[in-house]
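Peer 1: Enclosed is the structure file target-v7.cif (mmCIF, C-alpha atoms and all ligand atoms).
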```
data_model
#
loop_
_atom_site.label_atom_id
_atom_site.label_comp_id
_atom_site.auth_asym_id
_atom_site.auth_seq_id
_atom_site.Cartn_x
_atom_site.Cartn_y
_atom_site.Cartn_z
CA MET A 375 -12.94 -46.38 4.72
CA THR A 376 -11.61 -44.18 1.88
CA LYS A 377 -9.35 -41.28 2.78
CA PRO A 378 -11.16 -37.95 2.31
CA GLN A 379 -9.95 -35.66 -0.50
CA PRO A 380 -7.91 -32.85 0.99
CA GLY A 381 -9.90 -29.62 1.15
CA LEU A 382 -9.14 -26.30 -0.51
CA PHE A 383 -7.27 -23.45 1.11
CA ILE A 384 -8.63 -20.09 -0.07
CA THR A 385 -7.22 -16.82 1.20
CA PHE A 386 -8.67 -13.31 0.99
CA GLU A 387 -6.27 -10.42 0.76
CA GLY A 388 -6.30 -6.67 0.35
CA GLY A 389 -5.98 -3.42 2.23
CA GLU A 390 -7.99 -2.18 5.19
CA GLY A 391 -11.78 -2.14 4.81
CA VAL A 392 -11.99 -3.49 1.25
CA GLY A 393 -14.65 -6.04 2.25
CA LYS A 394 -12.75 -9.24 3.08
CA SER A 395 -14.85 -10.28 6.11
CA THR A 396 -18.12 -9.39 4.38
CA ASN A 397 -17.27 -11.46 1.33
CA ILE A 398 -15.84 -14.39 3.28
CA ALA A 399 -19.25 -14.68 4.97
CA PHE A 400 -20.86 -14.63 1.50
CA CYS A 401 -18.51 -17.36 0.23
CA ALA A 402 -19.07 -19.53 3.31
CA GLU A 403 -22.83 -19.41 2.84
CA TRP A 404 -22.51 -20.05 -0.93
CA LEU A 405 -20.28 -23.09 -0.40
CA ARG A 406 -22.26 -24.54 2.52
CA ALA A 407 -25.41 -24.36 0.36
CA ARG A 408 -23.54 -26.72 -2.00
CA GLY A 409 -22.81 -29.23 0.79
CA ILE A 410 -19.17 -28.26 1.37
CA GLU A 411 -17.73 -28.17 4.90
CA VAL A 412 -16.31 -24.69 5.39
CA VAL A 413 -14.00 -23.37 8.08
CA VAL A 414 -13.79 -19.57 8.32
CA THR A 415 -10.75 -18.18 10.03
CA ARG A 416 -8.43 -15.17 10.04
CA GLU A 417 -4.86 -14.02 10.49
CA PRO A 418 -3.31 -13.06 12.69
CA GLY A 419 -5.49 -15.25 14.89
CA GLY A 420 -7.81 -18.18 14.39
CA THR A 421 -6.97 -20.14 17.54
CA GLU A 422 -6.88 -19.12 21.20
CA ILE A 423 -3.10 -18.75 21.29
CA ALA A 424 -2.90 -17.03 17.90
CA GLU A 425 -5.70 -14.62 18.92
CA THR A 426 -3.66 -13.68 22.02
CA ILE A 427 -0.76 -12.79 19.72
CA ARG A 428 -3.18 -10.83 17.48
CA GLU A 429 -4.32 -8.79 20.45
CA ARG A 430 -0.68 -7.77 21.17
CA LEU A 431 0.01 -7.00 17.51
CA LEU A 432 -3.04 -4.80 17.01
CA LYS A 433 -3.00 -3.04 20.40
CA ALA A 434 -2.69 0.65 19.55
CA HIS A 435 -0.73 1.83 22.59
CA HIS A 436 2.32 0.10 24.03
CA ALA A 437 4.76 1.68 26.50
CA GLU A 438 7.50 0.93 23.96
CA THR A 439 7.63 0.83 20.16
CA MET A 440 7.12 -2.61 18.65
CA GLN A 441 10.14 -3.29 16.45
CA PRO A 442 9.42 -4.42 12.86
CA LEU A 443 11.34 -7.67 13.39
CA THR A 444 9.32 -8.40 16.55
CA GLU A 445 6.15 -7.77 14.56
CA LEU A 446 7.31 -10.16 11.83
CA LEU A 447 8.19 -12.92 14.30
CA LEU A 448 4.88 -12.54 16.14
CA VAL A 449 2.95 -12.82 12.86
CA PHE A 450 4.76 -16.06 12.03
CA ALA A 451 4.43 -17.42 15.59
CA ALA A 452 0.67 -16.94 15.33
CA ARG A 453 0.72 -18.55 11.86
CA ALA A 454 2.61 -21.63 13.07
CA GLN A 455 -0.02 -22.22 15.75
CA HIS A 456 -2.90 -21.51 13.39
CA LEU A 457 -1.61 -23.82 10.67
CA GLN A 458 -0.87 -26.76 12.92
CA ALA A 459 -3.85 -26.51 15.25
CA LEU A 460 -6.57 -25.48 12.82
CA ILE A 461 -5.81 -25.14 9.10
CA GLN A 462 -3.97 -28.39 8.41
CA PRO A 463 -6.41 -30.63 10.33
CA ALA A 464 -9.36 -28.96 8.55
CA LEU A 465 -7.79 -29.45 5.11
CA ALA A 466 -6.88 -33.05 5.95
CA ARG A 467 -10.51 -33.93 6.69
CA GLY A 468 -11.64 -32.33 3.41
CA ALA A 469 -12.96 -28.96 4.62
CA TRP A 470 -12.50 -25.78 2.63
CA VAL A 471 -10.65 -23.20 4.68
CA LEU A 472 -11.51 -19.54 4.00
CA CYS A 473 -8.82 -17.43 5.62
CA ASP A 474 -8.98 -13.64 6.07
CA ARG A 475 -5.34 -12.74 5.25
CA PHE A 476 -2.29 -15.02 5.19
CA THR A 477 1.39 -14.71 4.25
CA ASP A 478 0.68 -12.37 1.32
CA SER A 479 -0.30 -9.83 3.99
CA THR A 480 3.07 -10.38 5.66
CA ILE A 481 4.85 -9.66 2.40
CA ALA A 482 2.69 -6.58 1.78
CA TYR A 483 2.68 -5.16 5.36
CA GLN A 484 6.01 -6.28 6.86
CA GLY A 485 7.92 -6.61 3.56
CA PHE A 486 6.71 -3.58 1.59
CA GLY A 487 5.08 -1.55 4.41
CA ARG A 488 7.81 -1.94 7.06
CA GLN A 489 10.50 -2.53 4.42
CA LEU A 490 11.88 -5.70 6.02
CA PRO A 491 13.95 -7.88 3.65
CA LEU A 492 11.77 -10.23 1.61
CA ALA A 493 14.46 -12.92 2.00
CA GLN A 494 13.85 -12.98 5.79
CA ILE A 495 10.13 -13.42 5.20
CA GLU A 496 10.80 -16.24 2.73
CA GLN A 497 12.97 -18.03 5.33
CA LEU A 498 10.25 -17.85 7.97
CA LYS A 499 7.61 -18.84 5.44
CA ALA A 500 9.57 -21.98 4.51
CA LEU A 501 10.01 -22.90 8.18
CA VAL A 502 6.39 -22.35 9.16
CA GLN A 503 4.51 -23.43 6.04
CA GLN A 504 6.64 -26.40 5.01
CA GLY A 505 5.54 -25.93 1.40
CA LEU A 506 1.84 -25.31 2.09
CA GLU A 507 0.45 -22.55 -0.17
CA PRO A 508 -3.11 -21.31 -0.68
CA ASP A 509 -4.91 -22.96 -3.60
CA CYS A 510 -6.51 -19.67 -4.56
CA THR A 511 -6.20 -16.08 -3.34
CA LEU A 512 -8.91 -13.51 -3.93
CA LEU A 513 -7.35 -10.06 -3.88
CA LEU A 514 -9.98 -7.43 -3.15
CA GLU A 515 -8.87 -4.14 -4.64
CA ALA A 516 -10.21 -0.66 -4.03
CA PRO A 517 -8.61 2.79 -3.89
CA LEU A 518 -7.14 3.49 -0.45
CA ALA A 519 -9.66 6.24 0.28
CA VAL A 520 -12.56 3.83 -0.38
CA GLY A 521 -11.21 1.09 1.91
CA MET A 522 -10.21 3.51 4.67
CA GLY A 523 -13.61 5.23 4.48
CA ARG A 524 -15.42 1.90 4.82
CA ALA A 525 -13.18 0.76 7.69
CA ARG A 526 -13.81 4.06 9.50
CA GLY A 527 -17.55 3.78 8.92
CA ARG A 528 -17.58 0.25 10.33
CA ALA A 529 -15.47 1.27 13.36
CA ASP A 530 -17.73 4.28 14.06
CA GLN A 531 -20.82 2.07 13.92
CA ALA A 532 -19.28 -0.51 16.28
CA GLY A 533 -17.74 2.17 18.55
CA GLU A 534 -14.26 0.68 17.96
CA ALA A 535 -10.99 2.61 18.14
CA VAL A 536 -8.39 2.38 15.34
CA ASP A 537 -5.74 -0.35 15.80
CA ARG A 538 -1.93 -0.05 15.58
CA PHE A 539 -1.84 -0.69 11.82
CA GLU A 540 -4.73 1.64 11.05
CA GLN A 541 -2.75 4.45 12.74
CA GLU A 542 -0.09 4.28 10.02
CA GLN A 543 0.44 7.11 7.52
CA LEU A 544 -0.69 7.10 3.89
CA ASP A 545 2.77 6.26 2.50
CA PHE A 546 2.76 3.00 4.53
CA PHE A 547 -0.54 1.94 2.95
CA GLU A 548 0.65 2.97 -0.50
CA ARG A 549 3.64 0.63 -0.10
CA VAL A 550 1.31 -2.13 1.15
CA GLN A 551 -0.79 -1.73 -1.97
CA GLN A 552 2.35 -1.89 -4.14
CA GLY A 553 3.21 -5.10 -2.31
CA PHE A 554 -0.12 -6.70 -3.22
CA ASP A 555 0.30 -5.52 -6.83
CA TRP A 556 3.73 -7.11 -6.99
CA LEU A 557 2.43 -10.37 -5.52
CA THR A 558 -0.08 -10.74 -8.35
CA THR A 559 2.85 -10.84 -10.77
CA GLN A 560 4.50 -13.64 -8.78
CA HIS A 561 1.71 -16.20 -8.30
CA GLU A 562 -0.94 -17.62 -10.63
CA ARG A 563 -3.25 -18.38 -7.69
CA PHE A 564 -4.34 -14.69 -7.48
CA ARG A 565 -7.81 -13.64 -8.67
CA ARG A 566 -8.26 -9.86 -8.69
CA ILE A 567 -11.67 -8.59 -7.58
CA ASP A 568 -12.78 -5.00 -8.16
CA ALA A 569 -13.99 -4.35 -4.61
CA ALA A 570 -14.81 -0.67 -5.20
CA GLN A 571 -18.07 -1.72 -6.84
CA PRO A 572 -21.38 -2.13 -4.99
CA LEU A 573 -21.54 -5.33 -2.95
CA THR A 574 -23.80 -7.24 -5.37
CA ALA A 575 -21.35 -6.59 -8.25
CA VAL A 576 -18.41 -7.66 -6.06
CA GLN A 577 -20.21 -10.87 -5.13
CA GLN A 578 -20.98 -11.64 -8.78
CA GLN A 579 -17.24 -11.53 -9.52
CA ILE A 580 -16.51 -13.75 -6.52
CA GLU A 581 -19.17 -16.26 -7.53
CA GLN A 582 -17.46 -16.61 -10.93
CA VAL A 583 -14.24 -17.55 -9.14
CA LEU A 584 -15.96 -20.02 -6.80
CA LEU A 585 -17.59 -21.76 -9.78
CA THR A 586 -14.13 -22.51 -11.18
CA LEU A 587 -13.09 -24.14 -7.88
CA LEU A 588 -15.98 -26.54 -7.45
CA PRO A 589 -15.16 -30.22 -7.93
CA GLY A 590 -15.46 -31.11 -11.60
CA ALA A 591 -15.10 -27.50 -12.80
CA ASP A 592 -12.61 -26.79 -15.58
CA SER A 593 -10.48 -24.07 -14.01
N1 LIG A 601 -18.73 -3.38 -1.90
C1 LIG A 601 -19.05 -2.69 -0.81
N2 LIG A 601 -19.70 -1.51 -0.91
C2 LIG A 601 -20.00 -0.80 0.18
N3 LIG A 601 -19.68 -1.14 1.45
C3 LIG A 601 -19.02 -2.31 1.62
C4 LIG A 601 -18.66 -3.14 0.51
N4 LIG A 601 -18.00 -4.21 0.99
C5 LIG A 601 -17.94 -4.07 2.33
N5 LIG A 601 -18.56 -2.93 2.72
C6 LIG A 601 -18.68 -2.38 4.09
O1 LIG A 601 -17.37 -1.86 4.39
C7 LIG A 601 -17.05 -2.12 5.75
C8 LIG A 601 -15.73 -2.90 5.79
O2 LIG A 601 -15.96 -4.22 5.28
P1 LIG A 601 -15.23 -5.49 5.90
O3 LIG A 601 -15.23 -5.43 7.39
O4 LIG A 601 -15.83 -6.70 5.26
O5 LIG A 601 -13.77 -5.22 5.34
P2 LIG A 601 -12.39 -5.93 5.69
O6 LIG A 601 -11.61 -5.95 4.43
O7 LIG A 601 -12.63 -7.25 6.35
O8 LIG A 601 -11.76 -4.89 6.71
P3 LIG A 601 -10.45 -5.00 7.65
O9 LIG A 601 -9.27 -5.26 6.79
O10 LIG A 601 -10.37 -3.63 8.27
O11 LIG A 601 -10.74 -6.09 8.65
C9 LIG A 601 -18.22 -2.85 6.37
O12 LIG A 601 -19.03 -1.91 7.03
C10 LIG A 601 -18.96 -3.44 5.16
O13 LIG A 601 -20.33 -3.57 5.38
C1 LIG A 602 -1.86 -11.51 8.52
C2 LIG A 602 -1.20 -10.18 8.70
C3 LIG A 602 -1.92 -9.06 9.07
N1 LIG A 602 -1.30 -7.89 9.23
C4 LIG A 602 -2.08 -6.69 9.61
C5 LIG A 602 -3.02 -6.20 8.55
C6 LIG A 602 -4.15 -5.57 9.31
O1 LIG A 602 -3.85 -4.21 9.53
C7 LIG A 602 -4.14 -6.31 10.63
C8 LIG A 602 -5.26 -7.29 10.78
O2 LIG A 602 -6.45 -6.62 10.88
P1 LIG A 602 -7.78 -7.04 10.07
O3 LIG A 602 -8.81 -6.08 10.58
O4 LIG A 602 -8.09 -8.45 10.47
O5 LIG A 602 -7.51 -6.91 8.62
O6 LIG A 602 -2.91 -7.02 10.70
C9 LIG A 602 0.06 -7.77 9.04
O7 LIG A 602 0.62 -6.68 9.22
N2 LIG A 602 0.77 -8.86 8.68
C10 LIG A 602 0.20 -10.07 8.50
O8 LIG A 602 0.88 -11.07 8.14
#
```
Any chance you could put this one into structure tokens?
Ligand SMILES: Nc1ncnc2c1ncn2[C@@H]1O[C@H](COP(=O)(O)OP(=O)(O)OP(=O)(O)O)[C@@H](O)[C@H]1O
Ligand SMILES: Cc1cn([C@H]2C[C@H](O)[C@@H](COP(=O)(O)O)O2)c(=O)[nH]c1=O
Peer 2:
Amino acid sequence: MTKPQPGLFITFEGGEGVGKSTNIAFCAEWLRARGIEVVVTREPGGTEIAETIRERLLKAHHAETMQPLTELLLVFAARAQHLQALIQPALARGAWVLCDRFTDSTIAYQGFGRQLPLAQIEQLKALVQQGLEPDCTLLLEAPLAVGMGRARGRADQAGEAVDRFEQEQLDFFERVQQGFDWLTTQHERFRRIDAAQPLTAVQQQIEQVLLTLLPGADS
């Protein structure tokens, strides 16, 4: 039996409410229609243990303040579990993994947002990822007011309360956005998507990226 080709690891990044989940569902359907095995997952989370950590991280009210370093360590604890239990086995059998947020979010939120040293994040990244990087990262970009408005609209419809991150002030989200901007200057794997456009126009841009990733495509 021949060994399967390793799959592709595609991450979706961006601020709150820019349309990551909506467009991951679109990509999954688009790829499955072309016979590709797709695993859709998210961070923090993706496995039972990692989802338990997510619940603690996002919980809006704690009796004590969660320290930024605790937050960082919890994000990477969830990631270690997620990578070893779900992402790596899926890639090894040839599936394409579509992940809603990954370490770029840690750099943007904990590095730029919480202002933790990027060197600490790099150390944890090396320990947990052992060299594994996404093959491609779609960065969905929209003005903060657009993303926040969409996230609020979705939460109102679902009757959901805001989570611990969504309670942050504007300057936090401005730093997060600067973090994502900076990341695009550091890695060639980023593809910037104008997510402020209507959904059909966003999905046309995404389709152009997916076409470059298909086996045999000249990327
Ligand atoms: N291009 C678009 N135009 C208008 N509405 C959109 C667009 N993309 C997504 N939406 C809507 O915006 C809301 C937020 O989208 P979605 O949940 O996909 O964002 P997200 O980036 O995954 O959010 P979060 O980071 O908060 O999890 C949803 O109600 C979705 O239907
Ligand atoms: C992976 C990751 C996520 N976060 C933050 C970013 C968001 O506010 C939440 C996740 O919520 P979403 O509705 O699924 O987008 O977690 C973070 O701060 N650091 C990270 O590494």
Peer 1: So which one's closest to A:Thr477, A:Val449, A:Val550, A:Ile567, A:Leu490? Using only C-alpha atoms, please.
Peer 2: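 Among A:Val449, A:Val550, A:Ile567, A:Leu490, it is A:Val449 that comes nearest to A:Thr477.
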Peer 1: Step by step, measure atom-to-atom distances between ligand LIG 602 (chain A) and each residue using all atoms listed in the file, keep those at most 8 Å, then write them as a list in words.
Peer 2: Gly389, Glu390, Gly391, Lys394, Arg416, Glu417, Pro418, Arg428, Leu431, Leu432, Glu445, Leu446, Val449, Phe450, Asp474, Arg475, Phe476, Thr477, Asp478, Ser479, Thr480, Ile481, Ala482, Tyr483, Gln484, Asp537, Arg538, Phe539 and Glu540 of chain A
Peer 1: Give me the residues near A:Arg406 as a CSV table (one decimal) with C-alpha atoms, keeping the file's coordinate frame, where near means some atom within 12 Å (using only C-alpha atoms) and where sequence neighbours in that chain fewer than 5 positions away do not count.
Peer 2:
```csv
chain,number,residue,atom,x,y,z
A,399,ALA,CA,-19.2,-14.7,5.0
A,400,PHE,CA,-20.9,-14.6,1.5
A,401,CYS,CA,-18.5,-17.4,0.2
A,411,GLU,CA,-17.7,-28.2,4.9
A,412,VAL,CA,-16.3,-24.7,5.4
A,413,VAL,CA,-14.0,-23.4,8.1
A,414,VAL,CA,-13.8,-19.6,8.3
A,469,ALA,CA,-13.0,-29.0,4.6
A,470,TRP,CA,-12.5,-25.8,2.6
A,471,VAL,CA,-10.6,-23.2,4.7
A,472,LEU,CA,-11.5,-19.5,4.0
A,588,LEU,CA,-16.0,-26.5,-7.4
```
Peer 1: Can you tell me how far atom CA of A:Glu515 sits from atom CA of A:Leu465, in Å to one decimal?
Peer 2: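 Between atom CA of A:Glu515 and atom CA of A:Leu465 the gap is 27.1 Å.
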Peer 1: Which chains and residue numbers are within 7 Å of ligand LIG 601 (chain A), counting only C-alpha atoms and all ligand atoms, if I want them as a ChimeraX atom specification?
Peer 2: /A:388-397,524-525,527-528,569-573,576
Peer 1: Limited to C-alpha atoms, could you put the picked residues into a file as a short mmCIF file (atom, residue, chain, number, x, y, z; two decimals), in the frame of the given file?
Peer 2:
```cif
data_model
loop_
_atom_site.label_atom_id
_atom_site.label_comp_id
_atom_site.auth_asym_id
_atom_site.auth_seq_id
_atom_site.Cartn_x
_atom_site.Cartn_y
_atom_site.Cartn_z
CA GLY A 388 -6.30 -6.67 0.35
CA GLY A 389 -5.98 -3.42 2.23
CA GLU A 390 -7.99 -2.18 5.19
CA GLY A 391 -11.78 -2.14 4.81
CA VAL A 392 -11.99 -3.49 1.25
CA GLY A 393 -14.65 -6.04 2.25
CA LYS A 394 -12.75 -9.24 3.08
CA SER A 395 -14.85 -10.28 6.11
CA THR A 396 -18.12 -9.39 4.38
CA ASN A 397 -17.27 -11.46 1.33
CA ARG A 524 -15.42 1.90 4.82
CA ALA A 525 -13.18 0.76 7.69
CA GLY A 527 -17.55 3.78 8.92
CA ARG A 528 -17.58 0.25 10.33
CA ALA A 569 -13.99 -4.35 -4.61
CA ALA A 570 -14.81 -0.67 -5.20
CA GLN A 571 -18.07 -1.72 -6.84
CA PRO A 572 -21.38 -2.13 -4.99
CA LEU A 573 -21.54 -5.33 -2.95
CA VAL A 576 -18.41 -7.66 -6.06
#
```
Peer 1: Considering only C-alpha atoms, can you say which of A:Phe383, A:Thr439, A:Leu513, A:Glu422 comes closest to A:Ile461?
Peer 2: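 For A:Ile461, the nearest of the candidates is A:Phe383.
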Peer 1: Quick one, how far is atom CA of A:Gly553 from atom CA of A:Gly487?
Peer 2: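 A separation of 7.8 Å between them.
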Peer 1: Please measure the separation of atom CA of A:Ala437 and atom CA of A:Gln541, giving the value in Å to one decimal.
Peer 2: 15.9 Å
Peer 1: Near stretch 496-509 of chain A, within 8 Å and counting all atoms listed in the file, which residues show up once chain neighbours fewer than 4 positions away are dropped, as a PyMOL selection string?
Peer 2: chain A and resi 382-385+450+453-454+457+477+492+563
Peer 1: Mind dumping the selected residues with C-alpha atoms as a compact mmCIF listing (two decimals), in the coordinates of the input?
Peer 2:
```txt
# COMPACT_ATOMS: atom_id res chain seq x y z
CA LEU A 382 -9.14 -26.30 -0.51
CA PHE A 383 -7.27 -23.45 1.11
CA ILE A 384 -8.63 -20.09 -0.07
CA THR A 385 -7.22 -16.82 1.20
CA PHE A 450 4.76 -16.06 12.03
CA ARG A 453 0.72 -18.55 11.86
CA ALA A 454 2.61 -21.63 13.07
CA LEU A 457 -1.61 -23.82 10.67
CA THR A 477 1.39 -14.71 4.25
CA LEU A 492 11.77 -10.23 1.61
CA ARG A 563 -3.25 -18.38 -7.69
```
Peer 1: Nearest to A:Ala452: which of A:Thr415, A:His435, A:Cys473, A:Ile427 is it, counting all atoms listed in the file?
Peer 2: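 Smallest separation from A:Ala452 among the options: A:Ile427.
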Peer 1: List as a VMD selection string the residues having at least one atom at most 12 Å from position (-17.1, -23.0, -6.4) as given in the file, counting only C-alpha atoms.
Peer 2: chain A and resid 382 384 401 to 410 412 470 510 579 to 593
Peer 1: Rank nothing, just name the residue among A:Arg549, A:Phe386, A:Phe486, A:Ala529 nearest to A:Arg566, using only C-alpha atoms.
Peer 2: A:Phe386
Peer 1: Give the answer as one residue: which of A:Ala519, A:Met440, A:Leu460, A:Ala575 has the shortest atom-to-atom distance to A:Ile423, using all atoms listed in the file?
Peer 2: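 The answer is A:Leu460, which sits nearest to A:Ile423.
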Peer 1: Under the rule that only C-alpha atoms are counted, which of A:Glu425, A:Asp568, A:Glu542, A:Asp555 is the nearest residue to A:Val520?
Peer 2: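 Selected residue with least distance to A:Val520: A:Asp568.
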